[in-house]
>>> print(open('input-v4.txt').read())   # compact mmCIF, C-alpha atoms and all ligand atoms
# COMPACT_ATOMS: atom_id res chain seq x y z
CA MET A 1 9.18 -0.83 -19.02
CA ALA A 2 6.20 -2.09 -17.07
CA LYS A 3 2.74 -1.15 -18.24
CA ILE A 4 -0.57 -1.49 -16.47
CA GLY A 5 -2.95 -1.43 -19.40
CA ASP A 6 -1.88 1.71 -21.25
CA ILE A 7 -0.26 3.30 -18.21
CA ASP A 8 3.48 3.38 -18.39
CA VAL A 9 4.75 2.83 -14.86
CA GLY A 10 8.46 2.79 -15.64
CA GLU A 11 11.13 0.22 -15.19
CA PHE A 12 10.79 -1.85 -12.03
CA PRO A 13 8.16 0.43 -10.48
CA LEU A 14 7.80 0.78 -6.75
CA LEU A 15 4.18 0.53 -5.68
CA LEU A 16 2.76 1.77 -2.42
CA ALA A 17 0.75 -1.14 -1.02
CA PRO A 18 -2.87 -0.71 -0.06
CA MET A 19 -2.95 -0.43 3.74
CA GLU A 20 -6.06 0.10 5.80
CA ASP A 21 -5.99 3.40 7.71
CA VAL A 22 -2.52 4.12 6.31
CA SER A 23 -2.72 4.54 2.53
CA ASP A 24 -4.94 7.62 2.65
CA PRO A 25 -4.56 10.62 0.31
CA PRO A 26 -2.06 12.55 2.51
CA PHE A 27 0.20 9.56 2.98
CA ARG A 28 -0.06 8.54 -0.66
CA ALA A 29 0.90 12.08 -1.69
CA LEU A 30 3.99 11.99 0.53
CA CYS A 31 5.02 8.60 -0.87
CA LYS A 32 4.49 9.83 -4.40
CA GLU A 33 6.75 12.83 -3.75
CA GLN A 34 9.41 10.46 -2.49
CA GLY A 35 9.37 8.25 -5.55
CA ALA A 36 6.46 5.80 -5.40
CA ASP A 37 5.49 5.10 -9.01
CA VAL A 38 1.99 3.79 -8.36
CA VAL A 39 -0.08 4.21 -5.22
CA TYR A 40 -3.11 2.28 -4.04
CA THR A 41 -5.89 3.25 -1.69
CA GLU A 42 -6.65 1.08 1.30
CA PHE A 43 -9.30 -1.54 0.60
CA ILE A 44 -12.84 -0.27 0.31
CA SER A 45 -15.86 -2.42 0.92
CA SER A 46 -18.09 -2.84 -2.13
CA GLU A 47 -21.04 -3.40 0.19
CA GLY A 48 -20.21 -0.19 2.06
CA LEU A 49 -19.97 1.75 -1.20
CA ILE A 50 -23.32 0.64 -2.52
CA ARG A 51 -24.97 1.44 0.83
CA ASP A 52 -23.30 4.86 0.48
CA ALA A 53 -21.64 4.36 3.83
CA ALA A 54 -19.90 7.69 4.40
CA LYS A 55 -16.68 6.10 5.59
CA SER A 56 -16.33 3.98 2.47
CA VAL A 57 -17.21 6.82 0.12
CA MET A 58 -14.67 9.15 1.73
CA LYS A 59 -11.96 6.63 0.95
CA LEU A 60 -12.55 7.28 -2.74
CA ASP A 61 -11.02 10.76 -2.58
CA ILE A 62 -7.88 11.18 -4.61
CA TYR A 63 -5.51 14.09 -5.21
CA GLU A 64 -4.38 14.85 -8.76
CA LYS A 65 -0.76 14.84 -7.66
CA GLU A 66 -0.74 11.19 -6.66
CA ARG A 67 -1.53 9.69 -10.07
CA PRO A 68 -1.40 6.99 -11.20
CA VAL A 69 -3.57 5.78 -8.37
CA GLY A 70 -5.48 2.55 -7.99
CA ILE A 71 -8.62 2.26 -5.89
CA GLN A 72 -8.85 -1.11 -4.21
CA ILE A 73 -12.20 -2.73 -3.55
CA PHE A 74 -13.20 -5.97 -1.93
CA GLY A 75 -16.28 -8.12 -1.82
CA ALA A 76 -17.58 -11.47 -2.90
CA ASN A 77 -20.93 -10.59 -4.38
CA LEU A 78 -20.89 -10.03 -8.12
CA GLU A 79 -23.75 -7.53 -8.21
CA SER A 80 -22.24 -5.40 -5.42
CA MET A 81 -18.80 -5.49 -7.00
CA LEU A 82 -20.16 -4.34 -10.34
CA GLN A 83 -22.18 -1.56 -8.77
CA SER A 84 -19.18 -0.45 -6.78
CA VAL A 85 -17.09 -0.32 -9.96
CA GLU A 86 -19.52 2.29 -11.27
CA ILE A 87 -19.24 4.29 -8.05
CA VAL A 88 -15.46 4.03 -8.00
CA GLU A 89 -15.19 5.18 -11.63
CA LYS A 90 -16.79 8.50 -10.72
CA SER A 91 -13.74 9.35 -8.59
CA GLY A 92 -11.56 9.06 -11.68
CA PRO A 93 -8.89 6.59 -10.56
CA ASP A 94 -6.37 5.28 -13.07
CA ILE A 95 -6.72 1.67 -11.97
CA ILE A 96 -9.25 -0.49 -10.16
CA ASP A 97 -7.67 -3.12 -7.95
CA ILE A 98 -9.43 -6.11 -6.48
CA ASN A 99 -8.39 -7.33 -3.06
CA PHE A 100 -8.19 -11.11 -3.05
CA GLY A 101 -5.66 -11.22 -0.25
CA CYS A 102 -6.98 -9.71 2.96
CA PRO A 103 -6.63 -12.39 5.65
CA VAL A 104 -8.76 -10.89 8.44
CA LYS A 105 -11.60 -12.99 9.71
CA LYS A 106 -14.43 -10.51 9.25
CA VAL A 107 -13.55 -10.23 5.54
CA VAL A 108 -12.63 -13.86 4.88
CA SER A 109 -15.71 -15.21 6.60
CA LYS A 110 -17.83 -13.46 3.97
CA GLY A 111 -15.83 -15.11 1.21
CA ALA A 112 -14.07 -11.86 0.33
CA GLY A 113 -10.38 -10.93 0.44
CA ALA A 114 -8.26 -14.04 0.81
CA GLY A 115 -11.48 -16.00 1.45
CA ILE A 116 -11.91 -16.23 -2.29
CA LEU A 117 -8.72 -18.26 -2.56
CA LYS A 118 -10.93 -21.20 -1.61
CA ASP A 119 -13.02 -20.64 -4.71
CA ILE A 120 -10.76 -19.90 -7.65
CA ASP A 121 -13.63 -20.16 -10.15
CA LEU A 122 -15.45 -17.35 -8.36
CA MET A 123 -12.25 -15.30 -8.20
CA VAL A 124 -11.85 -15.62 -11.96
CA SER A 125 -15.48 -14.98 -12.79
CA LEU A 126 -15.63 -11.89 -10.57
CA THR A 127 -12.51 -10.51 -12.23
CA ASP A 128 -13.88 -11.34 -15.66
CA ALA A 129 -17.14 -9.52 -14.97
CA MET A 130 -15.35 -6.49 -13.54
CA VAL A 131 -12.97 -6.24 -16.47
CA LYS A 132 -15.94 -6.28 -18.82
CA HIS A 133 -17.77 -3.67 -16.75
CA THR A 134 -15.12 -0.93 -16.91
CA LYS A 135 -12.73 0.68 -19.35
CA LEU A 136 -10.18 1.18 -16.58
CA PRO A 137 -7.42 -1.37 -16.15
CA VAL A 138 -8.29 -3.92 -13.47
CA THR A 139 -5.46 -5.31 -11.34
CA VAL A 140 -5.51 -7.95 -8.63
CA LYS A 141 -3.69 -8.21 -5.33
CA THR A 142 -3.60 -11.62 -3.78
CA ARG A 143 -1.61 -14.12 -1.73
CA LEU A 144 0.11 -17.37 -2.69
CA GLY A 145 -2.93 -19.41 -1.70
CA TRP A 146 -5.23 -20.28 1.14
CA ASP A 147 -2.68 -22.45 2.92
CA HIS A 148 0.54 -24.27 2.24
CA ASP A 149 -1.26 -27.28 0.76
CA SER A 150 -3.34 -25.30 -1.67
CA ILE A 151 -0.91 -23.01 -3.44
CA LYS A 152 -2.28 -22.60 -6.95
CA ILE A 153 -0.92 -19.19 -7.75
CA LEU A 154 0.53 -20.27 -11.10
CA GLU A 155 -2.85 -21.36 -12.37
CA VAL A 156 -4.64 -18.45 -10.70
CA ALA A 157 -2.38 -15.83 -12.28
CA GLU A 158 -2.79 -17.33 -15.74
CA ARG A 159 -6.53 -17.48 -15.46
CA LEU A 160 -6.74 -13.90 -14.19
CA GLN A 161 -4.60 -12.74 -17.07
CA ASP A 162 -6.79 -14.65 -19.51
CA VAL A 163 -9.88 -12.77 -18.38
CA GLY A 164 -8.16 -9.42 -18.84
CA CYS A 165 -6.51 -8.60 -15.51
CA LYS A 166 -3.77 -6.08 -16.37
CA ALA A 167 -1.28 -6.72 -13.54
CA ILE A 168 -1.04 -8.91 -10.49
CA SER A 169 0.60 -8.15 -7.16
CA ILE A 170 1.38 -11.20 -5.10
CA HIS A 171 2.10 -11.19 -1.38
CA GLY A 172 4.44 -14.11 -0.77
CA ARG A 173 2.44 -15.60 2.09
CA THR A 174 -0.63 -17.78 2.33
CA ARG A 175 -3.76 -16.74 4.15
CA ALA A 176 -2.93 -19.26 6.86
CA GLN A 177 0.35 -17.47 7.50
CA MET A 178 -1.33 -14.11 8.04
CA TYR A 179 1.83 -12.00 8.57
CA LYS A 180 3.94 -14.71 10.20
CA GLY A 181 7.15 -16.21 8.88
CA GLU A 182 9.02 -14.87 5.93
CA ALA A 183 7.44 -14.00 2.63
CA ASP A 184 8.40 -16.56 0.00
CA TRP A 185 9.20 -14.93 -3.32
CA ALA A 186 10.07 -18.14 -5.19
CA PRO A 187 6.46 -18.96 -6.16
CA ILE A 188 6.04 -15.36 -7.34
CA ALA A 189 9.09 -15.80 -9.57
CA GLU A 190 7.53 -18.99 -10.92
CA VAL A 191 4.50 -16.99 -11.95
CA LYS A 192 6.74 -14.44 -13.64
CA ASN A 193 8.75 -17.14 -15.40
CA ASN A 194 5.69 -18.83 -16.78
CA PRO A 195 6.14 -18.23 -20.52
CA ARG A 196 2.41 -17.68 -20.89
CA MET A 197 2.44 -14.68 -18.57
CA HIS A 198 2.80 -11.29 -20.19
CA ILE A 199 1.17 -8.92 -17.68
CA PRO A 200 3.40 -7.37 -14.98
CA VAL A 201 3.92 -9.51 -11.90
CA PHE A 202 4.69 -7.41 -8.84
CA GLY A 203 6.20 -8.92 -5.73
CA ASN A 204 5.09 -8.06 -2.24
CA GLY A 205 6.06 -8.98 1.30
CA ASP A 206 9.05 -8.00 3.42
CA VAL A 207 10.74 -5.53 1.09
CA ASP A 208 12.28 -3.58 3.93
CA THR A 209 15.71 -2.57 2.62
CA PRO A 210 16.97 -1.34 -0.76
CA GLU A 211 18.96 -4.58 -1.01
CA ARG A 212 15.79 -6.64 -0.69
CA ALA A 213 14.15 -4.59 -3.43
CA MET A 214 17.16 -5.21 -5.64
CA GLU A 215 16.97 -8.91 -4.89
CA MET A 216 13.34 -8.91 -5.95
CA ARG A 217 14.37 -7.32 -9.24
CA ASP A 218 17.63 -9.11 -10.03
CA LYS A 219 17.44 -12.48 -8.32
CA PHE A 220 13.70 -13.10 -8.63
CA GLY A 221 13.23 -11.18 -11.88
CA LEU A 222 9.92 -9.61 -10.88
CA ASP A 223 8.46 -6.58 -12.62
CA GLY A 224 8.18 -4.28 -9.63
CA ALA A 225 8.02 -4.20 -5.85
CA MET A 226 4.96 -3.39 -3.82
CA ILE A 227 5.97 -1.87 -0.51
CA GLY A 228 3.87 -1.72 2.62
CA ARG A 229 5.15 -1.64 6.16
CA ALA A 230 8.61 -0.26 5.36
CA SER A 231 6.94 2.96 4.23
CA ILE A 232 4.74 3.55 7.26
CA GLY A 233 6.05 6.78 8.78
CA TYR A 234 8.95 6.53 6.35
CA PRO A 235 7.90 7.68 2.88
CA TRP A 236 11.61 8.22 2.14
CA PHE A 237 11.95 4.48 1.67
CA PHE A 238 10.97 4.87 -1.98
CA ARG A 239 13.68 7.39 -2.79
CA GLU A 240 16.23 5.34 -0.85
CA VAL A 241 15.47 2.29 -2.98
CA LYS A 242 15.69 4.34 -6.18
CA HIS A 243 18.95 5.92 -5.13
CA TYR A 244 20.39 2.51 -4.36
CA PHE A 245 19.32 1.21 -7.77
CA GLU A 246 20.94 4.17 -9.49
CA THR A 247 24.20 4.36 -7.55
CA GLY A 248 24.63 1.12 -5.57
CA GLU A 249 24.99 3.30 -2.51
CA HIS A 250 22.79 4.10 0.44
CA LEU A 251 21.27 7.53 0.57
CA ALA A 252 21.74 9.31 3.88
CA PRO A 253 18.56 9.13 5.93
CA PRO A 254 16.41 12.24 6.10
CA ASN A 255 17.54 14.77 8.68
CA LEU A 256 15.45 16.04 11.55
CA GLN A 257 14.24 19.09 9.68
CA GLU A 258 12.90 16.95 6.85
CA ARG A 259 11.18 14.59 9.26
CA VAL A 260 9.52 17.35 11.21
CA GLU A 261 8.45 18.99 7.99
CA ALA A 262 6.94 15.73 6.71
CA ALA A 263 5.10 15.16 9.98
CA ARG A 264 3.71 18.71 9.84
CA ARG A 265 2.58 18.39 6.26
CA HIS A 266 1.12 14.96 6.87
CA LEU A 267 -0.90 16.20 9.79
CA GLN A 268 -2.01 19.36 7.99
CA MET A 269 -3.08 17.44 4.88
CA SER A 270 -4.96 14.96 7.06
CA ILE A 271 -6.78 17.74 8.88
CA ASP A 272 -7.64 19.47 5.61
CA TRP A 273 -8.91 16.21 4.24
CA LYS A 274 -10.88 14.71 7.10
CA GLY A 275 -11.15 17.35 9.77
CA GLU A 276 -9.17 17.93 12.94
CA LYS A 277 -10.47 15.07 15.08
CA LEU A 278 -9.89 12.27 12.60
CA GLY A 279 -6.83 13.92 11.10
CA VAL A 280 -5.11 14.11 14.48
CA PHE A 281 -6.13 10.58 15.39
CA GLU A 282 -5.22 8.82 12.18
CA THR A 283 -1.82 10.41 11.68
CA ARG A 284 -0.64 9.15 15.07
CA ARG A 285 0.52 5.78 13.83
CA HIS A 286 3.22 7.39 11.69
CA TYR A 287 5.11 9.39 14.32
CA THR A 288 7.05 6.54 15.88
CA ASN A 289 8.71 5.88 12.56
CA TYR A 290 9.12 9.50 11.56
CA PHE A 291 11.28 10.04 14.60
CA LYS A 292 12.73 6.58 15.09
CA GLY A 293 16.25 6.64 16.47
CA ILE A 294 15.92 9.71 18.65
CA PRO A 295 16.81 8.68 22.19
CA HIS A 296 14.38 9.22 25.06
CA PHE A 297 11.71 10.23 22.61
CA LYS A 298 8.80 8.83 24.58
CA GLU A 299 7.93 12.09 26.32
CA TYR A 300 7.55 13.85 22.95
CA ARG A 301 5.76 10.98 21.31
CA MET A 302 3.24 10.93 24.14
CA LYS A 303 2.50 14.59 23.48
CA MET A 304 1.90 13.79 19.82
CA VAL A 305 -0.37 10.82 20.39
CA THR A 306 -2.41 11.78 23.43
CA SER A 307 -3.86 15.16 22.56
CA ASP A 308 -6.92 15.57 20.36
CA ASP A 309 -5.92 19.14 19.71
CA ALA A 310 -3.90 19.71 16.54
CA ALA A 311 -2.22 22.77 18.07
CA ASP A 312 -0.67 20.55 20.78
CA VAL A 313 0.70 18.15 18.19
CA PHE A 314 2.16 20.96 16.10
CA ALA A 315 3.68 22.40 19.28
CA ALA A 316 5.28 19.03 20.00
CA PHE A 317 6.80 19.05 16.50
CA ASP A 318 8.24 22.52 17.17
CA GLU A 319 9.69 21.32 20.45
CA VAL A 320 11.31 18.30 18.81
CA GLU A 321 12.72 20.51 16.09
CA LYS A 322 14.37 22.74 18.68
CA GLU A 323 15.39 20.06 21.14
CA PHE A 324 17.03 17.69 18.67
CA ALA A 325 18.38 20.13 16.05
CA GLY A 326 21.46 18.57 14.51
CA PHE A 327 20.65 15.04 15.67
CA GLU A 328 22.32 12.54 13.37
CA PHE A 329 20.10 9.69 12.26
CA ALA A 330 21.90 6.41 11.65
C1 LIG B 401 -1.71 -1.79 8.54
C2 LIG B 401 -1.89 -2.65 7.31
C3 LIG B 401 -3.06 -2.55 6.57
C4 LIG B 401 -3.23 -3.32 5.41
N1 LIG B 401 -4.35 -3.15 4.67
C5 LIG B 401 -4.45 -3.76 3.44
C6 LIG B 401 -5.50 -3.44 2.54
O1 LIG B 401 -6.36 -2.61 2.82
N2 LIG B 401 -5.52 -4.09 1.34
C7 LIG B 401 -4.56 -5.02 0.98
O2 LIG B 401 -4.61 -5.57 -0.12
N3 LIG B 401 -3.56 -5.33 1.83
C8 LIG B 401 -3.46 -4.70 3.01
N4 LIG B 401 -2.38 -4.94 3.82
C9 LIG B 401 -1.33 -5.84 3.34
C10 LIG B 401 -0.24 -5.05 2.61
O3 LIG B 401 -0.75 -4.43 1.44
C11 LIG B 401 0.94 -5.95 2.23
O4 LIG B 401 0.47 -6.99 1.41
C12 LIG B 401 1.62 -6.58 3.45
O5 LIG B 401 1.80 -5.63 4.47
C13 LIG B 401 2.98 -7.19 3.07
O6 LIG B 401 3.82 -6.23 2.51
P1 LIG B 401 4.99 -5.52 3.40
O7 LIG B 401 5.83 -6.62 3.98
O8 LIG B 401 5.73 -4.65 2.43
O9 LIG B 401 4.30 -4.74 4.48
C14 LIG B 401 -2.21 -4.22 4.99
C15 LIG B 401 -1.06 -4.33 5.78
C16 LIG B 401 -0.86 -3.55 6.90
C17 LIG B 401 0.41 -3.68 7.68
>>> encode(input="input-v4.txt", output="structure tokens", more="lines below")
Ligand SMILES: Cc1cc2nc3c(=O)[nH]c(=O)nc-3n(C[C@H](O)[C@H](O)[C@H](O)COP(=O)(O)O)c2cc1C
Amino acid sequence: MAKIGDIDVGEFPLLLAPMEDVSDPPFRALCKEQGADVVYTEFISSEGLIRDAAKSVMKLDIYEKERPVGIQIFGANLESMLQSVEIVEKSGPDIIDINFGCPVKKVVSKGAGAGILKDIDLMVSLTDAMVKHTKLPVTVKTRLGWDHDSIKILEVAERLQDVGCKAISIHGRTRAQMYKGEADWAPIAEVKNNPRMHIPVFGNGDVDTPERAMEMRDKFGLDGAMIGRASIGYPWFFREVKHYFETGEHLAPPNLQERVEAARRHLQMSIDWKGEKLGVFETRRHYTNYFKGIPHFKEYRMKMVTSDDAADVFAAFDEVEKEFAGFEFA
């Protein structure tokens, strides 16, 4: 059984990765329904939170049904991070996660995200201060290192554990790799196999089939799998992995009805949560995957992604439901 602090997250939990503009409350709720054991918010700027920037604050919303949920924050300034911990706590998350892995320039250039991999002492002292500042379990998500020549994840994980970090999720790439190449899980397994480590070590990067998830569990011996891209527009990935673990067999993919229903609920929840304009806009990225495999789908997809009017998008769902009833997904 894996535990994050006092939270029992089950045996080999599947975690929904934090993903900007993806891991919002509606999507997290859908993933939770389909078997995600822990869900994370997208990263939230500590500087934005303390300025009370509306966009950052809105990202703190959580639904009861998605628990346990971790709110992920990023920043490099101790004072701002501590203040943002206090703000985050008011939303009542189960976990506070620190992003020490984001590779994008605008974040890294401020020393935040993966930028901190160049200053391990700061990474440790920030974590230390945050752990001391909250009663909630603090977890860290990071990468293997800054670049291939500076992989110090073994030392980093130990030091984070020593200051009270309750779990670590490691993306098997360096910052220099961004998203290129294949994620390397061997260094993550080294962290796990370090006899001094006792907190859960979750693997991340390229878990895109149930077999890969099983490999992460059985061959690499990690404590859980954090799943990102494979779930975008495909929340069923979680239940497919679980089914495979339980039976050794592949679950049939969701049928058209289920996909249309998920798209409808996703859009409706998004509209309820952030209003029609943003709800319609931000749900668009999921449709390609929801309906992947349907031939000559472009015409319908265009209807879904070009109108700002929710009624048009719902009408497109109805059309797809009628037009492709009985379509067999591979
Ligand atoms: C669209 C997108 C947004 C992301 N945003 C975040 C983020 O906000 N915080 C974070 O820690 N990682 C973020 N990531 C990285 C993912 O959490 C994950 O580490 C990465 O996608 C590798 O896992 P995967 O191969 O399962 O997708 C993002 C990735 C994607 C594709």
>>> axis_aligned_box(input="input-v4.txt", around="ligand LIG 401 (chain B)", padding_each_side="6 Å", output="lines of an AutoDock Vina configuration file")
center_x = -0.3
center_y = -4.5
center_z = 4.2
size_x = 24.2
size_y = 17.4
size_z = 20.7
>>> closest_residue(input="input-v4.txt", among="A:Lys152, A:Lys55, A:His171, A:Lys3", to="Pro200 of chain A", atoms="all atoms listed in the file")
A:Lys3
>>> residues_around(input="input-v4.txt", residues="segment 139-151 of chain A", least_positions_apart="6", cutoff="7 Å", atoms="only C-alpha atoms", output="short mmCIF file (atom, residue, chain, number, x, y, z; two decimals) with C-alpha atoms, in the coordinates of the input")
data_model
loop_
_atom_site.label_atom_id
_atom_site.label_comp_id
_atom_site.auth_asym_id
_atom_site.auth_seq_id
_atom_site.Cartn_x
_atom_site.Cartn_y
_atom_site.Cartn_z
CA ILE A 96 -9.25 -0.49 -10.16
CA ASP A 97 -7.67 -3.12 -7.95
CA ILE A 98 -9.43 -6.11 -6.48
CA ASN A 99 -8.39 -7.33 -3.06
CA PHE A 100 -8.19 -11.11 -3.05
CA GLY A 101 -5.66 -11.22 -0.25
CA ALA A 114 -8.26 -14.04 0.81
CA LEU A 117 -8.72 -18.26 -2.56
CA LYS A 118 -10.93 -21.20 -1.61
CA CYS A 165 -6.51 -8.60 -15.51
CA LYS A 166 -3.77 -6.08 -16.37
CA ALA A 167 -1.28 -6.72 -13.54
CA ILE A 168 -1.04 -8.91 -10.49
CA SER A 169 0.60 -8.15 -7.16
CA ILE A 170 1.38 -11.20 -5.10
CA HIS A 171 2.10 -11.19 -1.38
CA GLY A 172 4.44 -14.11 -0.77
CA ARG A 173 2.44 -15.60 2.09
CA THR A 174 -0.63 -17.78 2.33
CA ARG A 175 -3.76 -16.74 4.15
CA ALA A 176 -2.93 -19.26 6.86
#
>>> residues_near_point(input="input-v4.txt", point="(-22.9, -5.3, -6.2)", cutoff="12 Å", atoms="all atoms listed in the file", output="list in words")
Ser45, Ser46, Glu47, Gly48, Leu49, Ile50, Arg51, Ile73, Phe74, Gly75, Ala76, Asn77, Leu78, Glu79, Ser80, Met81, Leu82, Gln83, Ser84, Val85, Glu86, Ile87, Leu126, Ala129, Met130 and His133 of chain A
>>> closest_residue(input="input-v4.txt", among="A:Val107, A:Val163, A:Val69, A:Ile7", to="ligand LIG 401 (chain B)", atoms="only C-alpha atoms and all ligand atoms")
A:Val107
>>> residues_around(input="input-v4.txt", residues="segment 311-318 of chain A", least_positions_apart="2", cutoff="9 Å", atoms="all atoms listed in the file", output="VMD selection string")
chain A and resid 260 to 261 263 to 264 267 280 300 to 301 303 to 309 320 to 323
>>> residues_near_ligand(input="input-v4.txt", ligand="ligand LIG 401 (chain B)", cutoff="7 Å", atoms="all atoms listed in the file", output="PyMOL selection string")
chain A and resi 17-22+42-43+99+101-102+141+171+204-208+226-230
>>> atom_distance(input="input-v4.txt", atom1="atom CA of Met216 of chain A", atom2="atom CA of Met123 of chain A")
26.5 Å
>>> closest_residue(input="input-v4.txt", among="A:Val138, A:Met269, A:Leu222, A:Ala252", to="Arg28 of chain A", atoms="all atoms listed in the file")
A:Met269
>>> residues_near_point(input="input-v4.txt", point="(17.7, 12.9, 14.0)", cutoff="9 Å", atoms="all atoms listed in the file", output="PyMOL selection string")
chain A and resi 253-257+259+291-294+324-330
>>> closest_residue(input="input-v4.txt", among="A:Leu60, A:Leu251, A:Ala310, A:Ala186", to="Ile153 of chain A", atoms="all atoms listed in the file")
A:Ala186
>>> atom_distance(input="input-v4.txt", atom1="atom CA of Val38 of chain A", atom2="atom CA of Ser23 of chain A")
11.9 Å
>>> closest_residue(input="input-v4.txt", among="A:Ile120, A:Met178, A:Asp24, A:Glu89", to="Lys105 of chain A", atoms="all atoms listed in the file")
A:Met178
>>> closest_residue(input="input-v4.txt", among="A:Pro210, A:Gly275, A:Pro295, A:Gly5", to="Gly248 of chain A", atoms="all atoms listed in the file")
A:Pro210
>>> atom_distance(input="input-v4.txt", atom1="atom CA of Pro68 of chain A", atom2="atom CA of Phe202 of chain A")
15.8 Å
>>> residues_around(input="input-v4.txt", residues="His243 of chain A", least_positions_apart="3", cutoff="12 Å", atoms="only C-alpha atoms", output="short mmCIF file (atom, residue, chain, number, x, y, z; two decimals) with C-alpha atoms, in the frame of the given file")
data_model
loop_
_atom_site.label_atom_id
_atom_site.label_comp_id
_atom_site.auth_asym_id
_atom_site.auth_seq_id
_atom_site.Cartn_x
_atom_site.Cartn_y
_atom_site.Cartn_z
CA GLN A 34 9.41 10.46 -2.49
CA GLY A 35 9.37 8.25 -5.55
CA THR A 209 15.71 -2.57 2.62
CA PRO A 210 16.97 -1.34 -0.76
CA GLU A 211 18.96 -4.58 -1.01
CA ALA A 213 14.15 -4.59 -3.43
CA MET A 214 17.16 -5.21 -5.64
CA TRP A 236 11.61 8.22 2.14
CA PHE A 237 11.95 4.48 1.67
CA PHE A 238 10.97 4.87 -1.98
CA ARG A 239 13.68 7.39 -2.79
CA GLU A 240 16.23 5.34 -0.85
CA GLU A 246 20.94 4.17 -9.49
CA THR A 247 24.20 4.36 -7.55
CA GLY A 248 24.63 1.12 -5.57
CA GLU A 249 24.99 3.30 -2.51
CA HIS A 250 22.79 4.10 0.44
CA LEU A 251 21.27 7.53 0.57
CA ALA A 252 21.74 9.31 3.88
CA PRO A 253 18.56 9.13 5.93
#
